[in-house]
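*Asks:* mmCIF, C-alpha atoms, saved as input_16.cif, coming up:
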```
data_final
loop_
_atom_site.group_PDB
_atom_site.id
_atom_site.type_symbol
_atom_site.label_atom_id
_atom_site.label_comp_id
_atom_site.auth_asym_id
_atom_site.auth_seq_id
_atom_site.Cartn_x
_atom_site.Cartn_y
_atom_site.Cartn_z
ATOM 1 C CA MET U 18 9.049 5.613 -22.018
ATOM 2 C CA GLN U 19 11.461 5.855 -19.112
ATOM 3 C CA VAL U 20 12.759 9.035 -17.503
ATOM 4 C CA HIS U 21 16.141 7.447 -16.826
ATOM 5 C CA ARG U 22 17.077 3.910 -17.742
ATOM 6 C CA HIS U 23 18.022 2.092 -14.568
ATOM 7 C CA THR U 24 20.269 -0.968 -14.515
ATOM 8 C CA ILE U 25 19.677 -3.476 -11.718
ATOM 9 C CA LYS U 26 22.648 -3.486 -9.360
ATOM 10 C CA ASP U 27 23.758 -6.071 -6.819
ATOM 11 C CA GLU U 28 22.339 -3.891 -4.037
ATOM 12 C CA ASP U 29 18.917 -3.852 -5.758
ATOM 13 C CA LYS U 30 18.918 -7.646 -5.929
ATOM 14 C CA ARG U 31 20.076 -7.927 -2.341
ATOM 15 C CA ARG U 32 17.221 -5.743 -1.134
ATOM 16 C CA PHE U 33 14.676 -7.615 -3.273
ATOM 17 C CA TRP U 34 15.710 -11.057 -2.029
ATOM 18 C CA GLU U 35 16.113 -9.923 1.581
ATOM 19 C CA ASP U 36 12.912 -7.864 1.893
ATOM 20 C CA GLY U 37 10.696 -9.464 -0.774
ATOM 21 C CA TYR U 38 10.298 -6.257 -2.737
ATOM 22 C CA TRP U 39 12.238 -3.430 -4.366
ATOM 23 C CA ILE U 40 11.162 0.132 -5.195
ATOM 24 C CA SER U 41 12.349 1.412 -8.545
ATOM 25 C CA PRO U 42 13.373 4.920 -9.472
ATOM 26 C CA LYS U 43 10.869 6.833 -11.603
ATOM 27 C CA LEU U 44 10.285 4.643 -14.667
ATOM 28 C CA ILE U 45 7.846 6.720 -16.727
ATOM 29 C CA ASP U 46 7.604 10.425 -17.427
ATOM 30 C CA ASP U 47 4.770 12.768 -16.514
ATOM 31 C CA GLU U 48 3.250 12.645 -20.003
ATOM 32 C CA GLN U 49 2.889 8.863 -19.875
ATOM 33 C CA ILE U 50 1.511 9.073 -16.340
ATOM 34 C CA ALA U 51 -1.162 11.460 -17.646
ATOM 35 C CA ARG U 52 -1.968 9.120 -20.555
ATOM 36 C CA LEU U 53 -2.321 6.160 -18.175
ATOM 37 C CA ARG U 54 -4.651 8.177 -15.943
ATOM 38 C CA THR U 55 -6.751 8.892 -19.031
ATOM 39 C CA ALA U 56 -6.635 5.177 -19.857
ATOM 40 C CA HIS U 57 -8.189 4.521 -16.440
ATOM 41 C CA GLU U 58 -11.041 6.903 -17.219
ATOM 42 C CA ARG U 59 -11.667 5.293 -20.604
ATOM 43 C CA ILE U 60 -11.638 1.749 -19.238
ATOM 44 C CA TRP U 61 -14.177 2.530 -16.499
ATOM 45 C CA ALA U 62 -16.324 4.289 -19.130
ATOM 46 C CA HIS U 63 -16.122 1.170 -21.394
ATOM 47 C CA ASP U 64 -14.372 3.156 -24.121
ATOM 48 C CA PHE U 65 -12.151 0.406 -25.523
ATOM 49 C CA ASP U 66 -9.412 0.250 -28.164
ATOM 50 C CA GLY U 67 -9.516 -2.435 -30.847
ATOM 51 C CA ASP U 68 -12.368 -4.697 -31.890
ATOM 52 C CA GLY U 69 -12.097 -7.294 -29.138
ATOM 53 C CA TYR U 70 -13.829 -7.686 -25.802
ATOM 54 C CA PRO U 71 -12.595 -7.546 -22.196
ATOM 55 C CA MET U 72 -11.468 -10.757 -20.559
ATOM 56 C CA SER U 73 -14.244 -10.290 -18.002
ATOM 57 C CA PRO U 74 -16.454 -7.471 -16.744
ATOM 58 C CA SER U 75 -14.698 -4.833 -14.677
ATOM 59 C CA ARG U 76 -14.940 -5.663 -10.992
ATOM 60 C CA THR U 77 -17.012 -2.824 -9.531
ATOM 61 C CA SER U 78 -19.494 -2.447 -6.694
ATOM 62 C CA ASP U 79 -22.513 -0.420 -5.679
ATOM 63 C CA ASP U 80 -20.441 0.687 -2.682
ATOM 64 C CA PRO U 81 -18.727 3.911 -3.851
ATOM 65 C CA PHE U 82 -15.754 3.262 -1.549
ATOM 66 C CA LYS U 83 -14.988 -0.265 -2.711
ATOM 67 C CA LEU U 84 -11.968 -1.047 -4.863
ATOM 68 C CA ARG U 85 -12.391 -1.273 -8.649
ATOM 69 C CA LYS U 86 -10.221 -3.736 -10.554
ATOM 70 C CA HIS U 87 -9.939 -4.747 -14.211
ATOM 71 C CA ASP U 88 -7.805 -7.708 -15.303
ATOM 72 C CA ASN U 89 -6.008 -7.872 -18.667
ATOM 73 C CA ALA U 90 -6.745 -4.278 -19.578
ATOM 74 C CA TRP U 91 -4.024 -4.618 -22.229
ATOM 75 C CA TRP U 92 -6.613 -6.407 -24.370
ATOM 76 C CA ILE U 93 -8.715 -3.265 -24.658
ATOM 77 C CA ASN U 94 -6.403 -0.287 -24.061
ATOM 78 C CA ASP U 95 -3.333 0.613 -26.113
ATOM 79 C CA GLU U 96 -1.679 2.719 -23.395
ATOM 80 C CA VAL U 97 -1.936 -0.056 -20.812
ATOM 81 C CA GLN U 98 -0.585 -2.520 -23.368
ATOM 82 C CA SER U 99 2.467 -0.331 -23.960
ATOM 83 C CA ILE U 100 3.441 -0.270 -20.287
ATOM 84 C CA VAL U 101 2.653 -3.844 -19.175
ATOM 85 C CA THR U 102 4.481 -5.343 -22.180
ATOM 86 C CA SER U 103 7.458 -2.967 -21.920
ATOM 87 C CA PRO U 104 10.805 -4.703 -22.648
ATOM 88 C CA TYR U 105 12.453 -2.364 -20.140
ATOM 89 C CA ILE U 106 10.171 -3.471 -17.303
ATOM 90 C CA GLY U 107 10.668 -7.066 -18.442
ATOM 91 C CA GLU U 108 14.439 -6.673 -18.232
ATOM 92 C CA LEU U 109 14.282 -5.189 -14.728
ATOM 93 C CA ALA U 110 12.091 -8.095 -13.612
ATOM 94 C CA ALA U 111 14.368 -10.673 -15.254
ATOM 95 C CA ASP U 112 17.425 -9.209 -13.539
ATOM 96 C CA LEU U 113 15.737 -9.160 -10.111
ATOM 97 C CA LEU U 114 14.454 -12.742 -10.484
ATOM 98 C CA GLU U 115 17.763 -13.827 -12.081
ATOM 99 C CA ILE U 116 16.063 -15.460 -15.065
ATOM 100 C CA ASP U 117 16.608 -15.266 -18.828
ATOM 101 C CA SER U 118 13.151 -14.396 -20.145
ATOM 102 C CA VAL U 119 9.927 -12.804 -18.938
ATOM 103 C CA ARG U 120 6.307 -13.050 -20.088
ATOM 104 C CA LEU U 121 3.182 -11.250 -18.969
ATOM 105 C CA TRP U 122 1.031 -13.423 -16.694
ATOM 106 C CA HIS U 123 -1.716 -10.806 -16.648
ATOM 107 C CA ASP U 124 -2.202 -7.151 -15.822
ATOM 108 C CA GLN U 125 -4.568 -5.136 -13.662
ATOM 109 C CA VAL U 126 -5.747 -1.558 -13.500
ATOM 110 C CA ILE U 127 -6.783 -0.712 -9.950
ATOM 111 C CA TYR U 128 -8.853 2.256 -8.784
ATOM 112 C CA LYS U 129 -9.116 2.886 -5.049
ATOM 113 C CA PRO U 130 -11.738 5.586 -4.383
ATOM 114 C CA GLY U 131 -11.082 8.381 -1.937
ATOM 115 C CA THR U 132 -13.173 8.315 1.223
ATOM 116 C CA SER U 133 -12.420 11.843 2.507
ATOM 117 C CA GLY U 134 -11.757 10.249 5.878
ATOM 118 C CA LYS U 135 -15.048 8.349 6.132
ATOM 119 C CA GLU U 136 -14.780 5.301 8.402
ATOM 120 C CA THR U 137 -15.043 2.200 6.203
ATOM 121 C CA LYS U 138 -13.178 -1.006 5.366
ATOM 122 C CA ALA U 139 -14.571 -1.094 1.832
ATOM 123 C CA GLY U 140 -11.312 -0.028 0.179
ATOM 124 C CA ASN U 141 -9.082 -2.417 2.101
ATOM 125 C CA VAL U 142 -7.049 -5.025 0.261
ATOM 126 C CA GLY U 143 -6.523 -8.044 2.497
ATOM 127 C CA TRP U 144 -3.100 -9.424 3.386
ATOM 128 C CA HIS U 145 -2.397 -11.994 0.668
ATOM 129 C CA GLN U 146 0.228 -13.677 -1.490
ATOM 130 C CA ASP U 147 -0.250 -13.203 -5.232
ATOM 131 C CA TYR U 148 0.827 -16.803 -5.762
ATOM 132 C CA GLY U 149 -2.092 -17.859 -3.588
ATOM 133 C CA TYR U 150 -4.148 -17.272 -6.746
ATOM 134 C CA TRP U 151 -1.528 -18.528 -9.210
ATOM 135 C CA GLN U 152 -0.780 -22.068 -8.067
ATOM 136 C CA CYS U 153 -1.627 -23.406 -11.513
ATOM 137 C CA ALA U 154 1.728 -21.876 -12.567
ATOM 138 C CA GLY U 155 4.644 -24.255 -12.188
ATOM 139 C CA THR U 156 6.950 -21.803 -10.421
ATOM 140 C CA THR U 157 6.730 -19.425 -7.487
ATOM 141 C CA ASN U 158 9.490 -17.296 -9.036
ATOM 142 C CA MET U 159 7.063 -14.669 -10.311
ATOM 143 C CA ILE U 160 6.909 -10.930 -9.700
ATOM 144 C CA THR U 161 4.399 -8.088 -9.553
ATOM 145 C CA VAL U 162 5.210 -4.602 -10.831
ATOM 146 C CA TRP U 163 2.867 -2.083 -9.146
ATOM 147 C CA ILE U 164 3.132 1.307 -10.894
ATOM 148 C CA ALA U 165 1.879 4.402 -9.061
ATOM 149 C CA LEU U 166 0.091 7.035 -11.135
ATOM 150 C CA GLN U 167 0.290 9.625 -8.341
ATOM 151 C CA ASP U 168 2.374 10.068 -5.219
ATOM 152 C CA THR U 169 1.301 7.193 -2.995
ATOM 153 C CA ASP U 170 1.640 6.599 0.743
ATOM 154 C CA LEU U 171 -0.562 5.394 3.594
ATOM 155 C CA THR U 172 -2.814 8.472 3.434
ATOM 156 C CA ASN U 173 -4.205 7.411 0.052
ATOM 157 C CA GLY U 174 -4.211 3.670 0.669
ATOM 158 C CA GLY U 175 -0.705 2.764 -0.424
ATOM 159 C CA MET U 176 0.497 -0.822 -0.331
ATOM 160 C CA MET U 177 2.185 -2.348 2.717
ATOM 161 C CA THR U 178 4.446 -5.391 2.596
ATOM 162 C CA ILE U 179 5.487 -7.889 5.257
ATOM 163 C CA LEU U 180 9.263 -7.851 5.185
ATOM 164 C CA GLY U 181 10.840 -11.175 4.286
ATOM 165 C CA SER U 182 7.517 -13.007 4.020
ATOM 166 C CA HIS U 183 8.461 -14.410 0.594
ATOM 167 C CA LYS U 184 10.750 -16.756 2.543
ATOM 168 C CA TRP U 185 7.742 -18.402 4.234
ATOM 169 C CA GLY U 186 6.885 -20.415 1.125
ATOM 170 C CA VAL U 187 3.343 -20.930 -0.159
ATOM 171 C CA VAL U 188 0.963 -20.302 2.739
ATOM 172 C CA GLU U 189 -2.334 -22.156 2.708
ATOM 173 C CA GLU U 190 -5.440 -20.065 1.935
ATOM 174 C CA SER U 191 -3.436 -16.922 1.176
ATOM 175 C CA ASP U 192 -5.809 -15.942 -1.672
ATOM 176 C CA THR U 193 -7.399 -13.243 0.494
ATOM 177 C CA PHE U 194 -7.157 -10.073 -1.637
ATOM 178 C CA PHE U 195 -10.876 -9.354 -1.202
ATOM 179 C CA ASP U 196 -11.059 -9.922 2.559
ATOM 180 C CA PRO U 197 -11.105 -6.390 4.041
ATOM 181 C CA ASP U 198 -10.431 -7.443 7.647
ATOM 182 C CA LEU U 199 -6.711 -6.757 7.838
ATOM 183 C CA GLU U 200 -6.459 -7.397 11.565
ATOM 184 C CA ALA U 201 -8.164 -10.806 11.363
ATOM 185 C CA LEU U 202 -5.914 -11.788 8.468
ATOM 186 C CA LYS U 203 -2.847 -10.732 10.436
ATOM 187 C CA GLN U 204 -3.924 -13.050 13.229
ATOM 188 C CA LYS U 205 -4.490 -15.837 10.676
ATOM 189 C CA PHE U 206 -1.103 -15.550 8.975
ATOM 190 C CA ASP U 207 1.059 -14.326 11.872
ATOM 191 C CA GLY U 208 2.522 -16.670 14.438
ATOM 192 C CA LYS U 209 4.291 -18.902 11.900
ATOM 193 C CA GLY U 210 7.551 -18.516 13.761
ATOM 194 C CA GLN U 211 8.526 -15.557 11.592
ATOM 195 C CA PRO U 212 8.434 -11.848 12.512
ATOM 196 C CA TRP U 213 5.477 -9.839 11.183
ATOM 197 C CA ILE U 214 7.061 -6.539 10.145
ATOM 198 C CA GLU U 215 4.842 -4.201 8.130
ATOM 199 C CA GLU U 216 6.564 -1.724 5.830
ATOM 200 C CA PRO U 217 4.756 0.823 3.644
ATOM 201 C CA CYS U 218 5.693 1.239 -0.014
ATOM 202 C CA ILE U 219 6.103 4.999 -0.385
ATOM 203 C CA LEU U 220 6.126 5.859 -4.083
ATOM 204 C CA LYS U 221 6.329 9.003 -6.157
ATOM 205 C CA ALA U 222 4.235 9.116 -9.330
ATOM 206 C CA GLY U 223 5.939 6.940 -11.961
ATOM 207 C CA GLN U 224 7.815 4.758 -9.492
ATOM 208 C CA ALA U 225 7.019 1.062 -9.133
ATOM 209 C CA SER U 226 7.164 -1.567 -6.443
ATOM 210 C CA PHE U 227 8.506 -4.901 -7.683
ATOM 211 C CA HIS U 228 7.401 -7.561 -5.197
ATOM 212 C CA HIS U 229 7.876 -11.318 -5.197
ATOM 213 C CA ALA U 230 4.804 -13.496 -5.777
ATOM 214 C CA LEU U 231 5.133 -14.948 -2.257
ATOM 215 C CA THR U 232 5.462 -11.602 -0.463
ATOM 216 C CA PHE U 233 2.480 -10.850 1.761
ATOM 217 C CA HIS U 234 1.038 -7.420 1.075
ATOM 218 C CA GLY U 235 -2.184 -5.491 1.535
ATOM 219 C CA SER U 236 -3.494 -1.961 1.904
ATOM 220 C CA SER U 237 -5.939 0.128 3.861
ATOM 221 C CA VAL U 238 -8.471 2.719 2.729
ATOM 222 C CA ASN U 239 -7.727 5.873 0.790
ATOM 223 C CA LEU U 240 -8.354 8.699 3.278
ATOM 224 C CA THR U 241 -8.063 11.493 0.711
ATOM 225 C CA ASP U 242 -10.713 12.962 -1.591
ATOM 226 C CA GLN U 243 -8.945 11.778 -4.769
ATOM 227 C CA PRO U 244 -8.785 8.231 -6.197
ATOM 228 C CA ARG U 245 -5.567 6.218 -5.994
ATOM 229 C CA LEU U 246 -4.767 4.858 -9.452
ATOM 230 C CA SER U 247 -2.289 2.175 -10.444
ATOM 231 C CA VAL U 248 -1.370 -0.111 -13.317
ATOM 232 C CA VAL U 249 -0.017 -3.522 -12.378
ATOM 233 C CA ALA U 250 1.968 -6.031 -14.443
ATOM 234 C CA HIS U 251 2.182 -9.591 -13.114
ATOM 235 C CA LEU U 252 5.165 -11.300 -14.739
ATOM 236 C CA MET U 253 6.533 -14.853 -14.982
ATOM 237 C CA PRO U 254 9.554 -16.666 -16.432
ATOM 238 C CA GLY U 255 9.204 -17.210 -20.153
ATOM 239 C CA ASP U 256 9.138 -21.004 -19.766
ATOM 240 C CA THR U 257 6.495 -21.259 -17.015
ATOM 241 C CA PRO U 258 4.498 -24.526 -17.266
ATOM 242 C CA TYR U 259 0.932 -25.314 -16.271
ATOM 243 C CA ARG U 260 0.404 -27.384 -13.090
ATOM 244 C CA ALA U 261 -2.762 -29.367 -13.690
ATOM 245 C CA ARG U 262 -5.510 -29.897 -11.113
ATOM 246 C CA ILE U 263 -3.867 -27.702 -8.466
ATOM 247 C CA SER U 264 -6.040 -24.583 -8.506
ATOM 248 C CA ASN U 265 -8.343 -22.878 -10.962
ATOM 249 C CA HIS U 266 -7.471 -19.587 -12.657
ATOM 250 C CA ASP U 267 -8.853 -17.818 -15.714
ATOM 251 C CA ASN U 268 -5.449 -18.100 -17.422
ATOM 252 C CA ILE U 269 -5.902 -21.861 -17.722
ATOM 253 C CA LYS U 270 -8.704 -21.274 -20.225
ATOM 254 C CA LEU U 271 -6.254 -19.350 -22.399
ATOM 255 C CA LEU U 272 -4.255 -22.560 -22.977
ATOM 256 C CA GLY U 273 -7.160 -24.041 -24.940
ATOM 257 C CA PRO U 274 -10.092 -26.326 -24.196
ATOM 258 C CA ARG U 275 -7.951 -29.283 -23.053
ATOM 259 C CA PRO U 276 -4.774 -27.969 -21.408
ATOM 260 C CA ARG U 277 -2.058 -30.489 -20.586
ATOM 261 C CA ASP U 278 0.020 -30.718 -17.442
ATOM 262 C CA GLY U 279 3.377 -29.130 -18.243
ATOM 263 C CA GLN U 280 2.036 -27.111 -21.191
ATOM 264 C CA LEU U 281 3.805 -23.747 -21.366
ATOM 265 C CA PHE U 282 2.012 -20.449 -20.934
ATOM 266 C CA ASP U 283 3.644 -19.184 -24.110
ATOM 267 C CA ASN U 284 0.948 -18.205 -26.605
ATOM 268 C CA ALA U 285 -0.310 -14.763 -27.697
ATOM 269 C CA TYR U 286 -2.201 -14.265 -24.434
ATOM 270 C CA PHE U 287 1.148 -14.274 -22.592
ATOM 271 C CA PRO U 288 3.384 -11.898 -24.571
ATOM 272 C CA LEU U 289 7.145 -12.115 -24.248
ATOM 273 C CA LEU U 290 8.560 -8.900 -22.782
ATOM 274 C CA PHE U 291 12.246 -9.753 -22.582
ATOM 275 C CA GLU U 292 14.660 -12.501 -23.578
ATOM 276 C CA ARG U 293 18.299 -12.290 -22.628
ATOM 277 C CA GLY U 294 20.637 -12.034 -25.582
ATOM 278 C CA VAL U 295 17.906 -10.818 -27.948
ATOM 279 C CA ILE U 296 18.094 -7.196 -29.063
ATOM 280 C CA GLN U 297 14.898 -5.424 -27.974
#
```
Could you spell out this file's structure in structure tokens?
*Replies:*
Amino acid sequence: MQVHRHTIKDEDKRRFWEDGYWISPKLIDDEQIARLRTAHERIWAHDFDGDGYPMSPSRTSDDPFKLRKHDNAWWINDEVQSIVTSPYIGELAADLLEIDSVRLWHDQVIYKPGTSGKETKAGNVGWHQDYGYWQCAGTTNMITVWIALQDTDLTNGGMMTILGSHKWGVVEESDTFFDPDLEALKQKFDGKGQPWIEEPCILKAGQASFHHALTFHGSSVNLTDQPRLSVVAHLMPGDTPYRARISNHDNIKLLGPRPRDGQLFDNAYFPLLFERGVIQ
């Protein structure tokens, strides 16, 4: 899968814990990038692998410039499954988080249409913390791996992070992915006594941004005439428990009809990517 197997160094961990994110070297080769771009096309065309069904309908809109998103695409696409359950990506995440095992929380395929410079907010992703949606998980020590399937910068709606914002803790009402008003959200979340420093994640095709679940991030519109494609793996420690009656999330249903407080997210819906000391 990988072009060159990278080993997490002390400097990588220092940057991750200081900034709230780390950009990897190129993790996948051009052939796999092409296959994942084809996987995008098949998913949006409802051409699925296997005999199962999607977790939920793809999130699309009548607005041609609005973001498209599909959760748990690994259920219905073999190529997505191979990347979001990769032991190599799991090991990188485990080393950055300094934990012994990693499971998949869920994945996403994200399609940001090109606007060719048209003035619109439809493709914006609001400033948010991923953990704002995940508070049913009994740890904030989770990570998102955002894999670019083309060169990505601010011209095609690349992600921006707020440096060091993972140190702010869980911020109330930070589940604002779908709020396109970036300036209003900045006013809402800024002024907490911490500096608001925006930094773009500039990625070459096949690179990934690993960002902490508490790191604020968002993105603006894609100004080009080509879509911005990505595959995203949200990962958690292998022993993550359920926190009952905190917040609702579709993953709770995957624990069964009567989940228990403290029950581990450790069944087949949450595959184990990496466990330290076990030969992969």
*Asks:* Name the residues that the PyMOL selection byres ((chain U and resi 97) around 9) pulls out of this structure, and write them as a PyMOL selection string.
*Replies:* chain U and resi 53+56-57+90-96+98-102+124+126+248
*Asks:* For the selection just defined, write its residues with C-alpha atoms to a file, as a compact mmCIF listing (two decimals), in the coordinates of the input.
*Replies:*
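Saved result, again15.txt, follows:
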```
# COMPACT_ATOMS: atom_id res chain seq x y z
CA LEU U 53 -2.32 6.16 -18.18
CA ALA U 56 -6.64 5.18 -19.86
CA HIS U 57 -8.19 4.52 -16.44
CA ALA U 90 -6.74 -4.28 -19.58
CA TRP U 91 -4.02 -4.62 -22.23
CA TRP U 92 -6.61 -6.41 -24.37
CA ILE U 93 -8.72 -3.26 -24.66
CA ASN U 94 -6.40 -0.29 -24.06
CA ASP U 95 -3.33 0.61 -26.11
CA GLU U 96 -1.68 2.72 -23.40
CA GLN U 98 -0.58 -2.52 -23.37
CA SER U 99 2.47 -0.33 -23.96
CA ILE U 100 3.44 -0.27 -20.29
CA VAL U 101 2.65 -3.84 -19.18
CA THR U 102 4.48 -5.34 -22.18
CA ASP U 124 -2.20 -7.15 -15.82
CA VAL U 126 -5.75 -1.56 -13.50
CA VAL U 248 -1.37 -0.11 -13.32
```
*Asks:* Check which residues of region 166-245 of chain U sit at most 7 Å from region 144-147 of chain U using all atoms listed in the file, and return one row each with the closest pair of atoms and their distance in Å to one decimal, ordered by chain and rising number, as a tab-separated table.
*Replies:*
```
residue	atom	partner	partner_atom	distance
U:Ser191	CA	U:His145	CA	5.1
U:Asp192	CA	U:His145	CA	5.7
U:Thr193	CA	U:His145	CA	5.2
U:Phe194	CA	U:His145	CA	5.6
U:Leu199	CA	U:Trp144	CA	6.3
U:Leu202	CA	U:Trp144	CA	6.3
U:Ala230	CA	U:Asp147	CA	5.1
U:Leu231	CA	U:Gln146	CA	5.1
U:Thr232	CA	U:Gln146	CA	5.7
U:Phe233	CA	U:Gln146	CA	4.9
U:His234	CA	U:Trp144	CA	5.1
U:Gly235	CA	U:Trp144	CA	4.4
```
*Asks:* In Å, rounded to a single decimal, give me how far CA of Thr161 (chain U) is from CA of Thr132 (chain U).
*Replies:* 26.3 Å
*Asks:* Take the PyMOL selection byres ((chain U and resi 221) around 9), apply it to the structure above, and return the hits as a VMD selection string.
*Replies:* chain U and resid 42 to 43 165 to 170 219 to 220 222 to 225
*Asks:* By how many Å are CA of Lys270 (chain U) and CA of His229 (chain U) apart?
*Replies:* 24.5 Å
*Asks:* What does the distance between CA of His63 (chain U) and CA of Val162 (chain U) come to in Å, to one decimal place?
*Replies:*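 Computing the Euclidean distance for CA of His63 (chain U) and CA of Val162 (chain U) yields 24.5 Å.
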*Asks:* May I ask which of the residues U:Ser237, U:Ser182, U:Gln280, U:Gln125 is the closest one to Ala139 (chain U), counting only C-alpha atoms?
*Replies:* U:Ser237
*Asks:* Could you expand the PyMOL selection byres ((chain U and resi 156) around 10) into the explicit residues it covers here, written as a list of chain:residue names?
*Replies:*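 Applying the PyMOL selection byres ((chain U and resi 156) around 10) to the structure shown produces U:Tyr148, U:Trp151, U:Gln152, U:Cys153, U:Ala154, U:Gly155, U:Thr157, U:Asn158, U:Met159, U:Ala230, U:Met253, U:Pro254, U:Asp256, U:Thr257, U:Pro258, U:Tyr259, U:Arg260.
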*Asks:* Okay, now the selection with C-alpha atoms, as an mmCIF file, in the frame of the given file?
*Replies:*
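Output saved as part.cif:
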```cif
data_model
loop_
_atom_site.group_PDB
_atom_site.id
_atom_site.type_symbol
_atom_site.label_atom_id
_atom_site.label_comp_id
_atom_site.auth_asym_id
_atom_site.auth_seq_id
_atom_site.Cartn_x
_atom_site.Cartn_y
_atom_site.Cartn_z
ATOM 1 C CA TYR U 148 0.827 -16.803 -5.762
ATOM 2 C CA TRP U 151 -1.528 -18.528 -9.210
ATOM 3 C CA GLN U 152 -0.780 -22.068 -8.067
ATOM 4 C CA CYS U 153 -1.627 -23.406 -11.513
ATOM 5 C CA ALA U 154 1.728 -21.876 -12.567
ATOM 6 C CA GLY U 155 4.644 -24.255 -12.188
ATOM 7 C CA THR U 157 6.730 -19.425 -7.487
ATOM 8 C CA ASN U 158 9.490 -17.296 -9.036
ATOM 9 C CA MET U 159 7.063 -14.669 -10.311
ATOM 10 C CA ALA U 230 4.804 -13.496 -5.777
ATOM 11 C CA MET U 253 6.533 -14.853 -14.982
ATOM 12 C CA PRO U 254 9.554 -16.666 -16.432
ATOM 13 C CA ASP U 256 9.138 -21.004 -19.766
ATOM 14 C CA THR U 257 6.495 -21.259 -17.015
ATOM 15 C CA PRO U 258 4.498 -24.526 -17.266
ATOM 16 C CA TYR U 259 0.932 -25.314 -16.271
ATOM 17 C CA ARG U 260 0.404 -27.384 -13.090
#
```
*Asks:* Considering all atoms listed in the file, can you say which of U:Leu289, U:Val238, U:Ile179, U:Leu252 comes closest to Lys203 (chain U)?
*Replies:*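 With all atoms listed in the file as the atom set, the closest residue is U:Ile179.
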*Asks:* Give the answer as one residue: which of U:Asp68, U:Gly134, U:Trp122, U:Glu200 has the shortest atom-to-atom distance to Asn284 (chain U), using only C-alpha atoms?
*Replies:* U:Trp122
